[in-house]
file data32.pdb (PDB, C-alpha atoms)
MODEL        1
ATOM      1  CA  SER A   1     -74.291 -37.223  -6.992  1.00  0.00           C
ATOM      2  CA  PHE A   2     -73.878 -36.362 -10.666  1.00  0.00           C
ATOM      3  CA  ILE A   3     -75.955 -33.242 -10.053  1.00  0.00           C
ATOM      4  CA  ILE A   4     -73.268 -31.959  -7.671  1.00  0.00           C
ATOM      5  CA  LEU A   5     -70.468 -32.623 -10.168  1.00  0.00           C
ATOM      6  CA  ILE A   6     -72.277 -31.076 -13.119  1.00  0.00           C
ATOM      7  CA  VAL A   7     -73.391 -27.962 -11.235  1.00  0.00           C
ATOM      8  CA  GLN A   8     -70.027 -27.343  -9.577  1.00  0.00           C
ATOM      9  CA  LEU A   9     -68.142 -27.883 -12.835  1.00  0.00           C
ATOM     10  CA  GLY A  10     -70.566 -25.579 -14.631  1.00  0.00           C
ATOM     11  CA  VAL A  11     -70.221 -22.803 -12.052  1.00  0.00           C
ATOM     12  CA  GLY A  12     -66.443 -23.251 -12.021  1.00  0.00           C
ATOM     13  CA  MET A  13     -66.345 -22.952 -15.823  1.00  0.00           C
ATOM     14  CA  VAL A  14     -68.350 -19.723 -15.682  1.00  0.00           C
ATOM     15  CA  PHE A  15     -65.855 -18.265 -13.212  1.00  0.00           C
ATOM     16  CA  GLY A  16     -63.026 -19.446 -15.470  1.00  0.00           C
ATOM     17  CA  ILE A  17     -64.583 -17.682 -18.460  1.00  0.00           C
ATOM     18  CA  VAL A  18     -64.971 -14.512 -16.390  1.00  0.00           C
ATOM     19  CA  TYR A  19     -61.306 -14.741 -15.351  1.00  0.00           C
ATOM     20  CA  TYR A  20     -60.025 -15.169 -18.904  1.00  0.00           C
ATOM     21  CA  ALA A  21     -62.269 -12.348 -20.124  1.00  0.00           C
ATOM     22  CA  ALA A  22     -60.719 -10.067 -17.519  1.00  0.00           C
ATOM     23  CA  HIS A  23     -57.214 -11.137 -18.581  1.00  0.00           C
ATOM     24  CA  ALA A  24     -57.757 -11.042 -22.320  1.00  0.00           C
ATOM     25  CA  GLY A  25     -54.549  -9.085 -22.933  1.00  0.00           C
ATOM     26  CA  THR A  26     -52.399 -11.265 -20.664  1.00  0.00           C
ATOM     27  CA  ALA A  27     -50.017 -13.909 -21.995  1.00  0.00           C
ATOM     28  CA  ALA A  28     -51.627 -17.350 -22.051  1.00  0.00           C
ATOM     29  CA  ASP A  29     -49.087 -18.913 -19.667  1.00  0.00           C
ATOM     30  CA  ALA A  30     -49.431 -16.114 -17.134  1.00  0.00           C
ATOM     31  CA  ALA A  31     -53.223 -16.184 -17.313  1.00  0.00           C
ATOM     32  CA  ALA A  32     -53.334 -19.960 -16.862  1.00  0.00           C
ATOM     33  CA  ALA A  33     -50.978 -19.735 -13.875  1.00  0.00           C
ATOM     34  CA  GLY A  34     -53.313 -17.341 -12.082  1.00  0.00           C
ATOM     35  CA  LEU A  35     -56.540 -19.227 -12.827  1.00  0.00           C
ATOM     36  CA  GLU A  36     -56.115 -21.813 -10.066  1.00  0.00           C
ATOM     37  CA  GLN A  37     -55.562 -19.131  -7.431  1.00  0.00           C
ATOM     38  CA  PHE A  38     -58.512 -17.137  -8.780  1.00  0.00           C
ATOM     39  CA  ILE A  39     -60.814 -20.164  -8.426  1.00  0.00           C
ATOM     40  CA  THR A  40     -59.388 -21.072  -4.995  1.00  0.00           C
ATOM     41  CA  ASP A  41     -59.890 -17.553  -3.646  1.00  0.00           C
ATOM     42  CA  ARG A  42     -63.546 -17.750  -4.700  1.00  0.00           C
ATOM     43  CA  SER A  43     -64.169 -21.380  -3.738  1.00  0.00           C
ATOM     44  CA  MET A  44     -66.701 -20.463  -1.067  1.00  0.00           C
ATOM     45  CA  LEU A  45     -68.633 -18.206  -3.448  1.00  0.00           C
ATOM     46  CA  ILE A  46     -68.612 -20.987  -6.041  1.00  0.00           C
ATOM     47  CA  SER A  47     -69.859 -23.411  -3.386  1.00  0.00           C
ATOM     48  CA  LEU A  48     -72.599 -20.993  -2.324  1.00  0.00           C
ATOM     49  CA  ILE A  49     -73.872 -20.525  -5.879  1.00  0.00           C
ATOM     50  CA  SER A  50     -73.595 -24.256  -6.622  1.00  0.00           C
ATOM     51  CA  ASN A  51     -75.579 -25.224  -3.516  1.00  0.00           C
ATOM     52  CA  LEU A  52     -78.357 -22.775  -4.328  1.00  0.00           C
ATOM     53  CA  LEU A  53     -78.546 -24.128  -7.888  1.00  0.00           C
ATOM     54  CA  ILE A  54     -78.637 -27.734  -6.631  1.00  0.00           C
ATOM     55  CA  ILE A  55     -81.515 -26.902  -4.270  1.00  0.00           C
ATOM     56  CA  GLY A  56     -83.299 -25.372  -7.251  1.00  0.00           C
ATOM     57  CA  VAL A  57     -82.738 -28.525  -9.317  1.00  0.00           C
ATOM     58  CA  VAL A  58     -84.122 -30.703  -6.496  1.00  0.00           C
ATOM     59  CA  LEU A  59     -87.214 -28.506  -6.213  1.00  0.00           C
ATOM     60  CA  ILE A  60     -87.792 -28.705  -9.969  1.00  0.00           C
ATOM     61  CA  ASP A  61     -87.332 -32.478  -9.842  1.00  0.00           C
ATOM     62  CA  THR A  62     -89.905 -32.847  -7.066  1.00  0.00           C
ATOM     63  CA  ARG A  63     -92.347 -30.694  -9.013  1.00  0.00           C
ATOM     64  CA  ILE A  64     -91.913 -32.909 -12.097  1.00  0.00           C
ATOM     65  CA  ARG A  65     -92.380 -36.049  -9.986  1.00  0.00           C
ATOM     66  CA  ARG A  66     -95.350 -34.441  -8.178  1.00  0.00           C
ATOM     67  CA  VAL A  67     -93.982 -35.234  -4.741  1.00  0.00           C
ATOM     68  CA  LYS A  68     -93.430 -33.062  -1.694  1.00  0.00           C
ATOM     69  CA  PRO A  69     -89.791 -31.881  -1.400  1.00  0.00           C
ATOM     70  CA  LEU A  70     -89.533 -32.718   2.313  1.00  0.00           C
ATOM     71  CA  ASP A  71     -90.923 -36.229   1.767  1.00  0.00           C
ATOM     72  CA  TYR A  72     -88.684 -36.836  -1.253  1.00  0.00           C
ATOM     73  CA  THR A  73     -85.535 -35.840   0.655  1.00  0.00           C
ATOM     74  CA  LEU A  74     -86.587 -37.563   3.929  1.00  0.00           C
ATOM     75  CA  LEU A  75     -86.668 -34.223   5.741  1.00  0.00           C
ATOM     76  CA  ALA A  76     -90.373 -34.332   6.591  1.00  0.00           C
ATOM     77  CA  LYS A  77     -90.364 -36.416   9.770  1.00  0.00           C
ATOM     78  CA  PRO A  78     -90.021 -34.331  12.976  1.00  0.00           C
ATOM     79  CA  VAL A  79     -87.480 -35.696  15.436  1.00  0.00           C
ATOM     80  CA  GLY A  80     -87.730 -33.454  18.496  1.00  0.00           C
ATOM     81  CA  VAL A  81     -85.316 -31.001  20.079  1.00  0.00           C
ATOM     82  CA  ARG A  82     -83.535 -33.671  22.133  1.00  0.00           C
ATOM     83  CA  ASN A  83     -82.580 -35.695  19.068  1.00  0.00           C
ATOM     84  CA  ILE A  84     -81.387 -32.573  17.263  1.00  0.00           C
ATOM     85  CA  VAL A  85     -79.197 -31.561  20.202  1.00  0.00           C
ATOM     86  CA  MET A  86     -77.772 -35.071  20.521  1.00  0.00           C
ATOM     87  CA  ALA A  87     -77.056 -35.127  16.782  1.00  0.00           C
ATOM     88  CA  ILE A  88     -75.198 -31.803  16.974  1.00  0.00           C
ATOM     89  CA  ILE A  89     -73.134 -33.107  19.899  1.00  0.00           C
ATOM     90  CA  THR A  90     -72.363 -36.249  17.897  1.00  0.00           C
ATOM     91  CA  GLY A  91     -71.177 -34.176  14.935  1.00  0.00           C
ATOM     92  CA  ILE A  92     -68.967 -32.027  17.177  1.00  0.00           C
ATOM     93  CA  SER A  93     -67.562 -35.152  18.852  1.00  0.00           C
ATOM     94  CA  PHE A  94     -66.788 -36.629  15.439  1.00  0.00           C
ATOM     95  CA  SER A  95     -64.853 -33.476  14.530  1.00  0.00           C
ATOM     96  CA  VAL A  96     -62.812 -33.718  17.753  1.00  0.00           C
ATOM     97  CA  TRP A  97     -62.184 -37.432  17.163  1.00  0.00           C
ATOM     98  CA  LEU A  98     -61.045 -36.744  13.609  1.00  0.00           C
ATOM     99  CA  SER A  99     -58.586 -34.093  14.787  1.00  0.00           C
ATOM    100  CA  LEU A 100     -57.142 -36.546  17.322  1.00  0.00           C
ATOM    101  CA  MET A 101     -56.817 -39.264  14.674  1.00  0.00           C
ATOM    102  CA  LEU A 102     -54.994 -36.917  12.308  1.00  0.00           C
ATOM    103  CA  THR A 103     -52.575 -36.155  15.129  1.00  0.00           C
ATOM    104  CA  MET A 104     -52.073 -39.671  16.481  1.00  0.00           C
ATOM    105  CA  LEU A 105     -52.096 -41.904  13.391  1.00  0.00           C
ATOM    106  CA  PRO A 106     -48.806 -42.475  11.520  1.00  0.00           C
ATOM    107  CA  ILE A 107     -49.990 -40.723   8.363  1.00  0.00           C
ATOM    108  CA  PRO A 108     -47.228 -40.220   5.750  1.00  0.00           C
ATOM    109  CA  GLU A 109     -45.901 -36.679   5.703  1.00  0.00           C
ATOM    110  CA  SER A 110     -46.639 -36.328   1.994  1.00  0.00           C
ATOM    111  CA  LEU A 111     -50.348 -37.036   2.564  1.00  0.00           C
ATOM    112  CA  MET A 112     -50.549 -34.646   5.518  1.00  0.00           C
ATOM    113  CA  SER A 113     -48.786 -31.960   3.518  1.00  0.00           C
ATOM    114  CA  GLU A 114     -51.237 -32.402   0.645  1.00  0.00           C
ATOM    115  CA  TYR A 115     -54.179 -32.310   3.068  1.00  0.00           C
ATOM    116  CA  ASN A 116     -52.902 -29.176   4.849  1.00  0.00           C
ATOM    117  CA  ASP A 117     -52.230 -27.384   1.555  1.00  0.00           C
ATOM    118  CA  LEU A 118     -55.735 -28.095   0.256  1.00  0.00           C
ATOM    119  CA  SER A 119     -57.370 -27.202   3.570  1.00  0.00           C
ATOM    120  CA  SER A 120     -55.449 -23.949   3.991  1.00  0.00           C
ATOM    121  CA  ALA A 121     -56.274 -22.933   0.410  1.00  0.00           C
ATOM    122  CA  ILE A 122     -59.957 -22.680   1.342  1.00  0.00           C
ATOM    123  CA  GLY A 123     -60.522 -19.603   3.475  1.00  0.00           C
ATOM    124  CA  HIS A 124     -63.095 -19.749   6.282  1.00  0.00           C
ATOM    125  CA  SER A 125     -63.179 -16.257   7.724  1.00  0.00           C
ATOM    126  CA  SER A 126     -66.452 -14.524   6.931  1.00  0.00           C
ATOM    127  CA  VAL A 127     -70.220 -14.874   7.024  1.00  0.00           C
ATOM    128  CA  LEU A 128     -70.077 -15.642   3.301  1.00  0.00           C
ATOM    129  CA  ASP A 129     -67.870 -18.638   4.124  1.00  0.00           C
ATOM    130  CA  PHE A 130     -70.050 -19.753   7.043  1.00  0.00           C
ATOM    131  CA  VAL A 131     -73.223 -20.091   4.982  1.00  0.00           C
ATOM    132  CA  PRO A 132     -71.968 -22.662   2.415  1.00  0.00           C
ATOM    133  CA  VAL A 133     -69.764 -24.524   4.905  1.00  0.00           C
ATOM    134  CA  CYS A 134     -72.121 -24.858   7.868  1.00  0.00           C
ATOM    135  CA  LEU A 135     -75.609 -24.376   6.436  1.00  0.00           C
ATOM    136  CA  LEU A 136     -76.120 -24.877   2.704  1.00  0.00           C
ATOM    137  CA  GLY A 137     -73.348 -27.447   2.240  1.00  0.00           C
ATOM    138  CA  PRO A 138     -74.666 -29.874   4.875  1.00  0.00           C
ATOM    139  CA  LEU A 139     -78.264 -29.266   3.745  1.00  0.00           C
ATOM    140  CA  VAL A 140     -77.522 -30.110   0.104  1.00  0.00           C
ATOM    141  CA  GLU A 141     -75.346 -33.136   0.889  1.00  0.00           C
ATOM    142  CA  GLU A 142     -77.787 -34.592   3.412  1.00  0.00           C
ATOM    143  CA  MET A 143     -80.768 -34.073   1.089  1.00  0.00           C
ATOM    144  CA  LEU A 144     -78.951 -35.841  -1.731  1.00  0.00           C
ATOM    145  CA  PHE A 145     -77.016 -38.640  -0.007  1.00  0.00           C
ATOM    146  CA  ARG A 146     -78.879 -39.472   3.217  1.00  0.00           C
ATOM    147  CA  GLY A 147     -82.143 -38.499   1.545  1.00  0.00           C
ATOM    148  CA  ILE A 148     -82.567 -39.136  -2.183  1.00  0.00           C
ATOM    149  CA  VAL A 149     -79.670 -41.578  -2.792  1.00  0.00           C
ATOM    150  CA  TYR A 150     -80.331 -43.638   0.345  1.00  0.00           C
ATOM    151  CA  LYS A 151     -84.090 -43.688  -0.310  1.00  0.00           C
ATOM    152  CA  HIS A 152     -83.605 -45.087  -3.820  1.00  0.00           C
ATOM    153  CA  LEU A 153     -80.975 -47.613  -2.702  1.00  0.00           C
ATOM    154  CA  ARG A 154     -83.389 -48.955  -0.069  1.00  0.00           C
ATOM    155  CA  ILE A 155     -85.764 -49.966  -2.871  1.00  0.00           C
ATOM    156  CA  CYS A 156     -83.359 -52.678  -4.017  1.00  0.00           C
ATOM    157  CA  MET A 157     -81.242 -53.534  -0.936  1.00  0.00           C
ATOM    158  CA  PRO A 158     -81.315 -53.743   2.892  1.00  0.00           C
ATOM    159  CA  GLU A 159     -80.602 -50.640   4.987  1.00  0.00           C
ATOM    160  CA  TYR A 160     -76.992 -51.375   5.998  1.00  0.00           C
ATOM    161  CA  PRO A 161     -75.675 -52.028   2.455  1.00  0.00           C
ATOM    162  CA  ALA A 162     -77.552 -48.871   1.397  1.00  0.00           C
ATOM    163  CA  ILE A 163     -75.807 -46.866   4.128  1.00  0.00           C
ATOM    164  CA  ILE A 164     -72.407 -48.215   3.063  1.00  0.00           C
ATOM    165  CA  LEU A 165     -72.967 -47.562  -0.641  1.00  0.00           C
ATOM    166  CA  GLN A 166     -74.204 -43.983  -0.183  1.00  0.00           C
ATOM    167  CA  ALA A 167     -71.185 -43.315   2.066  1.00  0.00           C
ATOM    168  CA  ILE A 168     -68.808 -44.603  -0.619  1.00  0.00           C
ATOM    169  CA  VAL A 169     -70.337 -42.324  -3.251  1.00  0.00           C
ATOM    170  CA  PHE A 170     -70.244 -39.434  -0.767  1.00  0.00           C
ATOM    171  CA  ALA A 171     -66.553 -40.083  -0.070  1.00  0.00           C
ATOM    172  CA  VAL A 172     -65.570 -40.342  -3.737  1.00  0.00           C
ATOM    173  CA  LEU A 173     -67.089 -36.929  -4.419  1.00  0.00           C
ATOM    174  CA  HIS A 174     -64.832 -35.478  -1.699  1.00  0.00           C
ATOM    175  CA  GLY A 175     -61.753 -36.346  -3.761  1.00  0.00           C
ATOM    176  CA  GLY A 176     -58.739 -34.050  -3.818  1.00  0.00           C
ATOM    177  CA  SER A 177     -56.988 -35.632  -0.870  1.00  0.00           C
ATOM    178  CA  ILE A 178     -56.953 -39.238   0.308  1.00  0.00           C
ATOM    179  CA  ILE A 179     -57.502 -37.966   3.842  1.00  0.00           C
ATOM    180  CA  TRP A 180     -60.585 -36.040   2.728  1.00  0.00           C
ATOM    181  CA  VAL A 181     -61.950 -39.179   1.088  1.00  0.00           C
ATOM    182  CA  ALA A 182     -61.219 -41.266   4.211  1.00  0.00           C
ATOM    183  CA  TYR A 183     -62.963 -39.002   6.686  1.00  0.00           C
ATOM    184  CA  ALA A 184     -65.836 -38.347   4.272  1.00  0.00           C
ATOM    185  CA  LEU A 185     -66.362 -42.126   4.166  1.00  0.00           C
ATOM    186  CA  VAL A 186     -66.480 -42.344   7.958  1.00  0.00           C
ATOM    187  CA  GLY A 187     -68.712 -39.269   8.100  1.00  0.00           C
ATOM    188  CA  GLY A 188     -71.019 -40.693   5.447  1.00  0.00           C
ATOM    189  CA  LEU A 189     -71.402 -43.898   7.451  1.00  0.00           C
ATOM    190  CA  LEU A 190     -72.032 -41.980  10.680  1.00  0.00           C
ATOM    191  CA  PHE A 191     -74.548 -39.540   9.183  1.00  0.00           C
ATOM    192  CA  GLY A 192     -76.277 -42.360   7.317  1.00  0.00           C
ATOM    193  CA  TYR A 193     -76.599 -44.421  10.505  1.00  0.00           C
ATOM    194  CA  ILE A 194     -78.025 -41.429  12.397  1.00  0.00           C
ATOM    195  CA  ALA A 195     -80.604 -40.822   9.660  1.00  0.00           C
ATOM    196  CA  MET A 196     -81.525 -44.516   9.648  1.00  0.00           C
ATOM    197  CA  LEU A 197     -82.008 -44.621  13.440  1.00  0.00           C
ATOM    198  CA  THR A 198     -84.358 -41.642  13.491  1.00  0.00           C
ATOM    199  CA  GLY A 199     -85.957 -42.107  10.075  1.00  0.00           C
ATOM    200  CA  SER A 200     -85.231 -38.490   9.275  1.00  0.00           C
ATOM    201  CA  VAL A 201     -82.486 -36.537   7.534  1.00  0.00           C
ATOM    202  CA  ARG A 202     -83.062 -33.736  10.048  1.00  0.00           C
ATOM    203  CA  THR A 203     -80.802 -35.466  12.565  1.00  0.00           C
ATOM    204  CA  SER A 204     -78.017 -36.260  10.072  1.00  0.00           C
ATOM    205  CA  LEU A 205     -78.227 -32.629   8.917  1.00  0.00           C
ATOM    206  CA  ALA A 206     -77.794 -31.471  12.529  1.00  0.00           C
ATOM    207  CA  ALA A 207     -74.788 -33.787  13.005  1.00  0.00           C
ATOM    208  CA  HIS A 208     -73.221 -32.702   9.716  1.00  0.00           C
ATOM    209  CA  GLY A 209     -73.780 -29.044  10.580  1.00  0.00           C
ATOM    210  CA  GLY A 210     -72.208 -29.524  14.027  1.00  0.00           C
ATOM    211  CA  PHE A 211     -69.181 -31.222  12.486  1.00  0.00           C
ATOM    212  CA  ASN A 212     -68.670 -28.478   9.887  1.00  0.00           C
ATOM    213  CA  ALA A 213     -69.306 -25.668  12.383  1.00  0.00           C
ATOM    214  CA  LEU A 214     -66.562 -26.846  14.758  1.00  0.00           C
ATOM    215  CA  SER A 215     -64.195 -27.329  11.824  1.00  0.00           C
ATOM    216  CA  PHE A 216     -65.060 -23.807  10.631  1.00  0.00           C
ATOM    217  CA  LEU A 217     -64.430 -22.285  14.057  1.00  0.00           C
TER     218      LEU A 217
ENDMDL
END

call {"tool": "encode", "arguments": {"input": "data32.pdb", "output": "structure tokens"}}
result
Amino acid sequence: SFIILIVQLGVGMVFGIVYYAAHAGTAADAAAAGLEQFITDRSMLISLISNLLIIGVVLIDTRIRRVKPLDYTLLAKPVGVRNIVMAIITGISFSVWLSLMLTMLPIPESLMSEYNDLSSAIGHSSVLDFVPVCLLGPLVEEMLFRGIVYKHLRICMPEYPAIILQAIVFAVLHGGSIIWVAYALVGGLLFGYIAMLTGSVRTSLAAHGGFNALSFL
């Protein structure tokens, strides 16, 4: 989990340095005002670069530990086409359920406004956006949380507490909006339970990808 924070902060800082270098002659207040929009407009590119770097870090870590990457991240076990399809349908169903809950629950207007502002600030309109949102993003998060984090938690606790704890960490790292944190917690529990049932992160990855793909569309 700290890997995600460090890498994303590092990539964000590099983009910030590039922005200030390009606005060297601009007044400090004006430059600072435009930085947030500059980062937001490139959030998907930042996510893409961050995810690729995180995958690289995981591969280096497995090489140091002398373990196979697929075994280390619980991606090795085959689960069959039927389980993959069912997992995708589950992820899509979760996305539909979430949309209904956001519509039906009496969520304070201030929270919904904050959620809508943050969601609309992230553009999903191109192939470049699709890759980090629907492919690399789910792959990295499932490898780390339902794979590495869950695997290490299971060394010292039963499976259900491990599922709950990894989901809490997963949710906290989706901070920015209370609603984001809430549905990331539910998603973390769901994806963790799916991975536990099948013994493979391949199914939780399929569910996560299905959820993100419908949200993207």

call {"tool": "closest_residue", "arguments": {"input": "data32.pdb", "among": "A:Gly56, A:Gly80, A:Gly12, A:Gly91", "to": "Val186 (chain A)", "atoms": "only C-alpha atoms"}}
result
A:Gly91

call {"tool": "residues_near_point", "arguments": {"input": "data32.pdb", "point": "(-74.0, -36.3, -2.6)", "cutoff": "8 Å", "atoms": "all atoms listed in the file", "output": "ChimeraX atom specification"}}
result
/A:1,4,140-142,144-145,149,169-170,173

call {"tool": "residues_around", "arguments": {"input": "data32.pdb", "residues": "region 187-191 of chain A", "least_positions_apart": "3", "cutoff": "10 Å", "atoms": "only C-alpha atoms", "output": "ChimeraX atom specification"}}
result
/A:87,90-91,94-95,98,141-142,145-146,160,162-171,181-184,194-197,201,203-208,211

call {"tool": "resolve_selection", "arguments": {"input": "data32.pdb", "expression": "the PyMOL selection byres ((chain A and resi 179) around 9)", "output": "list of chain:residue names"}}
result
A:Leu102, A:Leu111, A:Met112, A:Glu114, A:Tyr115, A:Gly175, A:Gly176, A:Ser177, A:Ile178, A:Trp180, A:Val181, A:Ala182, A:Tyr183, A:Ala184

call {"tool": "closest_residue", "arguments": {"input": "data32.pdb", "among": "A:Ile46, A:Ala33, A:Leu139, A:Leu70", "to": "Gln8 (chain A)", "atoms": "all atoms listed in the file"}}
result
A:Ile46

call {"tool": "atom_distance", "arguments": {"input": "data32.pdb", "atom1": "CA of Met44 (chain A)", "atom2": "CA of Ser200 (chain A)"}}
result
27.8 Å

call {"tool": "atom_distance", "arguments": {"input": "data32.pdb", "atom1": "CA of Ser99 (chain A)", "atom2": "CA of Pro161 (chain A)"}}
result
27.7 Å

call {"tool": "atom_distance", "arguments": {"input": "data32.pdb", "atom1": "CA of Met104 (chain A)", "atom2": "CA of Leu217 (chain A)"}}
result
21.5 Å

call {"tool": "closest_residue", "arguments": {"input": "data32.pdb", "among": "A:Ala76, A:Val133, A:Val96, A:Ile64", "to": "Leu45 (chain A)", "atoms": "all atoms listed in the file"}}
result
A:Val133

call {"tool": "residues_around", "arguments": {"input": "data32.pdb", "residues": "region 13-22 of chain A", "least_positions_apart": "2", "cutoff": "8 Å", "atoms": "all atoms listed in the file", "output": "PyMOL selection string"}}
result
chain A and resi 9-11+24+31+35+38-39

call {"tool": "resolve_selection", "arguments": {"input": "data32.pdb", "expression": "the PyMOL selection byres ((chain A and resi 59) around 12)", "output": "list of chain:residue names"}}
result
A:Leu52, A:Leu53, A:Ile54, A:Ile55, A:Gly56, A:Val57, A:Val58, A:Ile60, A:Asp61, A:Thr62, A:Arg63, A:Ile64, A:Arg65, A:Arg66, A:Val67, A:Lys68, A:Pro69, A:Leu70, A:Asp71, A:Tyr72, A:Thr73, A:Val140, A:Met143, A:Leu144

call {"tool": "closest_residue", "arguments": {"input": "data32.pdb", "among": "A:Leu105, A:Leu75, A:Leu5, A:Leu214", "to": "Ile92 (chain A)", "atoms": "only C-alpha atoms"}}
result
A:Leu214

call {"tool": "closest_residue", "arguments": {"input": "data32.pdb", "among": "A:Val7, A:Val85, A:Ile49, A:Leu74", "to": "Tyr150 (chain A)", "atoms": "all atoms listed in the file"}}
result
A:Leu74

call {"tool": "resolve_selection", "arguments": {"input": "data32.pdb", "expression": "the PyMOL selection byres ((chain A and resi 132) around 9)", "output": "MDAnalysis selection string"}}
result
chainID A and resid 44:45 47:49 51 128:131 133:138

call {"tool": "axis_aligned_box", "arguments": {"input": "data32.pdb", "around": "region 82-98 of chain A", "padding_each_side": "4 Å", "output": "lines of an AutoDock Vina configuration file"}}
result
center_x = -72.3
center_y = -34.5
center_z = 17.9
size_x = 30.5
size_y = 13.9
size_z = 16.5

call {"tool": "build_atoms", "arguments": {"input": "data32.pdb", "residues": "region 150-156 of chain A", "atoms": "all heavy atoms", "output": "CSV table (one decimal), in the frame of the given file"}}
result
chain,number,residue,atom,x,y,z
A,150,TYR,N,-80.0,-42.5,-0.6
A,150,TYR,CA,-80.3,-43.6,0.3
A,150,TYR,C,-81.7,-44.2,0.1
A,150,TYR,O,-82.0,-45.4,0.1
A,150,TYR,CB,-80.2,-43.1,1.8
A,150,TYR,CG,-80.6,-44.1,2.8
A,150,TYR,CD1,-79.8,-45.3,3.1
A,150,TYR,CD2,-81.8,-44.0,3.5
A,150,TYR,CE1,-80.2,-46.2,4.1
A,150,TYR,CE2,-82.2,-44.9,4.5
A,150,TYR,CZ,-81.5,-46.0,4.7
A,150,TYR,OH,-81.9,-46.9,5.7
A,151,LYS,N,-82.7,-43.3,-0.1
A,151,LYS,CA,-84.1,-43.7,-0.3
A,151,LYS,C,-84.2,-44.6,-1.5
A,151,LYS,O,-84.9,-45.6,-1.5
A,151,LYS,CB,-84.9,-42.4,-0.5
A,151,LYS,CG,-86.4,-42.7,-0.7
A,151,LYS,CD,-87.2,-41.4,-0.8
A,151,LYS,CE,-88.7,-41.6,-1.0
A,151,LYS,NZ,-89.5,-40.4,-1.0
A,152,HIS,N,-83.5,-44.3,-2.6
A,152,HIS,CA,-83.6,-45.1,-3.8
A,152,HIS,C,-82.8,-46.4,-3.7
A,152,HIS,O,-83.3,-47.4,-4.2
A,152,HIS,CB,-83.1,-44.3,-5.0
A,152,HIS,CG,-84.1,-43.3,-5.6
A,152,HIS,ND1,-84.2,-42.0,-5.0
A,152,HIS,CD2,-85.0,-43.4,-6.6
A,152,HIS,CE1,-85.1,-41.4,-5.6
A,152,HIS,NE2,-85.6,-42.1,-6.6
A,153,LEU,N,-81.7,-46.4,-2.9
A,153,LEU,CA,-81.0,-47.6,-2.7
A,153,LEU,C,-81.8,-48.6,-1.9
A,153,LEU,O,-81.7,-49.8,-2.1
A,153,LEU,CB,-79.7,-47.3,-2.0
A,153,LEU,CG,-78.6,-46.6,-2.8
A,153,LEU,CD1,-77.4,-46.2,-2.0
A,153,LEU,CD2,-78.1,-47.5,-4.0
A,154,ARG,N,-82.6,-48.1,-0.9
A,154,ARG,CA,-83.4,-49.0,-0.1
A,154,ARG,C,-84.5,-49.7,-0.8
A,154,ARG,O,-85.0,-50.7,-0.3
A,154,ARG,CB,-84.0,-48.1,1.0
A,154,ARG,CG,-83.1,-47.7,2.2
A,154,ARG,CD,-82.7,-48.9,3.0
A,154,ARG,NE,-83.8,-49.4,3.9
A,154,ARG,CZ,-84.4,-50.5,3.8
A,154,ARG,NH1,-84.0,-51.4,2.9
A,154,ARG,NH2,-85.4,-50.9,4.6
A,155,ILE,N,-84.8,-49.3,-2.1
A,155,ILE,CA,-85.8,-50.0,-2.9
A,155,ILE,C,-85.2,-51.3,-3.3
A,155,ILE,O,-86.0,-52.3,-3.4
A,155,ILE,CB,-86.1,-49.1,-4.1
A,155,ILE,CG1,-86.8,-47.8,-3.7
A,155,ILE,CG2,-87.0,-49.9,-5.1
A,155,ILE,CD1,-87.1,-46.9,-4.9
A,156,CYS,N,-83.9,-51.4,-3.5
A,156,CYS,CA,-83.4,-52.7,-4.0
A,156,CYS,C,-82.4,-53.4,-3.1
A,156,CYS,O,-81.8,-54.4,-3.5
A,156,CYS,CB,-82.7,-52.4,-5.4
A,156,CYS,SG,-81.4,-51.1,-5.3
